[in-house]
Amino acid sequence: MTATVRPDAGRPERRRVRNGARVGVRVGAVGMCGAAVVAAATWVVPQPTVATLALLATAILVGETLVIRVPERPPLPLATAVLIGALRIPGMQLAGVVAAALVVHALCDDTPARDRATRAARRAAATAAGWVAFAAVQGVAGTWPDDLAVLAALGAGGIVLIAVDERLRGGPSAWRLGHRDRAAELALLSSGLFLGFGYRGVGADNGIGAWVLPLFLVPLLSAWYAFDRLATIRITYRQTIAALSAVPELAGLARPGHAQRVAELCGALAAELDLPQDRIQYLEAAALLHHLGHLCLPDPRESGRAPLPAEVAAKGAEILRQTEPLRPAGDLLAPDADDVAAQVLRVASAFDELTTGDASLGPVAVEALRSGPGYLYDPLVLDALDRVVRRGELRRRGA
């Protein structure tokens with residue numbers, strides 16, 4: 001049997017390389033133009049404030065171009081940390097700097113005009129909400145110690161800014177993540193606190209002014225590079241699982257596209273049942289690899305019988321448990337697993353076996369699964385499947 005390689009198999013990686021080169025050129029151009037503007041402002045208007053605001057606008061503009069890639073979520077711009085630190089400057093100056101940076105960024109972007117305007121409006125609204133929270137806490141903390149008041153005000157403003165920005169860009173699901181998935185937001189918040197503290201200092205201690213930007217942006221850029229490498233590793237991990245999922249199909253042991261369809265349906269059912277994000281990741285990996293056990297069982301033509309589904313699941317779970325990152329996925333695939341995520345996998349696999357990818361057979365397949373013995377499938381999972389099918393979500397995903 002000859003495996004067919006899709007002609008677009010390498011396009012996502014090549015596209016990512018081209019996008020990275022484009023971003024590098026854009027950041028370099030913005031940095032040089034910003035340096036020229038700062039030098040001109042210093043020469044024309046010999047006031048430190050003007051040069052500082054020009055430098056701040058440049059940092060925001062560069063930060064809007066550099067983003068932290070987070071799996072399954074919109075990217076997080078590095079400018080968020082700069083905006084958190086800039087909450088300590090007067091409100092009118094902050095509004096002017098943010099407006100100038102967002103307008104220039106929108107003019108330099110190559111996305112549709114409507115998307116650019118929407119994105120700029122969302123960022124401006126999030127910054128305004130953060131500044132309101134910062135000012136409100138400052139008004140309440142008038143009698144507090146200076147360091148505590150500044151920390152509380154910057155922390156509240158930063159949390160509100162990040163929360164509103166994620167809600168506007170990612171919808172209600174952006175607030176359902178666990179604390180373990182908030183490492184990128186924590187890095188941006190802590191960097192913003194350092195910038196705010198260093199700019200004006202605390203109490204009688206003078207700040208270091210505009211030098212805070214190049215000084216504290218170095219660890220922020222290091223965090224950006226670390227998250228970028230982590231995203232690359234996760235992409236490689238996903239690609240490896242996707243390649244392994246195609247092996248049983250290429251060997252004729254599963255229908256073409258079965259594993260991918262089951263994984264997509266598992267994701268829809270998990271979202272319907274509001275399962276934790278980490279369980280969804282392991283569930284999708286188990287769905288992609290749930291036929292891998294076929295490869296370690298005797299050939300039906302030699303043994304004289306087809307392997308039972310429980311045998312395939314047990315062997316697949318044994319394979320996945322050999323690797324520590326895939327051990328939770330193997331636990332979901334085991335025949336004796338009885339939690340909700342394991343039930344989702346069984347229901348999704350049985351549903352696709354009945355429909356063979358034809359969404360029009362969805363209602364009939366749901367009724368067929370309901371008519372089976374009650375101990376086979378969890379009624380809650382079947383109810384979630386019925387809702388997903390009635391909404392036509394599978395048909396939209398297929399399109």
# chains A, B, ... in the order shown; residues from 1 in each chain; ligands from 1
>>> residues_around(residues="range 162-165 of chain A", least_positions_apart="6", cutoff="7 Å", atoms="only C-alpha atoms", output="ChimeraX atom specification")
/A:122-123,126
>>> closest_residue(among="A:Leu288, A:Ala149, A:Ile84, A:Ala113", to="Leu161 in chain A", atoms="only C-alpha atoms")
A:Ile84
>>> residues_around(residues="Leu221 in chain A", least_positions_apart="6", cutoff="10 Å", atoms="only C-alpha atoms", output="short mmCIF file (atom, residue, chain, number, x, y, z; two decimals) with C-alpha atoms, in the first residue's frame")
data_model
loop_
_atom_site.label_atom_id
_atom_site.label_comp_id
_atom_site.auth_asym_id
_atom_site.auth_seq_id
_atom_site.Cartn_x
_atom_site.Cartn_y
_atom_site.Cartn_z
CA GLY A 63 4.64 45.21 21.44
CA LEU A 66 5.20 40.84 18.87
CA ILE A 68 2.82 35.38 22.65
CA LEU A 78 3.60 42.11 24.48
CA PHE A 227 6.76 30.99 24.89
#
>>> select_by_dssp(residues="range 37-106 of chain A", states="helix (DSSP H, G or I)", output="PyMOL selection string")
chain A and resi 37-44+48-65+79-88+91-106
>>> atom_distance(atom1="CA of Ala242 in chain A", atom2="CA of Ala263 in chain A")
10.4 Å
>>> closest_residue(among="A:Lys315, A:Arg116, A:Arg200, A:Arg88", to="Ala153 in chain A", atoms="only C-alpha atoms")
A:Arg88
>>> select_by_dssp(residues="range 39-285 of chain A", states="strand (DSSP E)", output="list in words")
Val67, Ile68, Leu76 and Pro77 of chain A
>>> atom_distance(atom1="CA of Val247 in chain A", atom2="CA of Gly330 in chain A")
17.6 Å
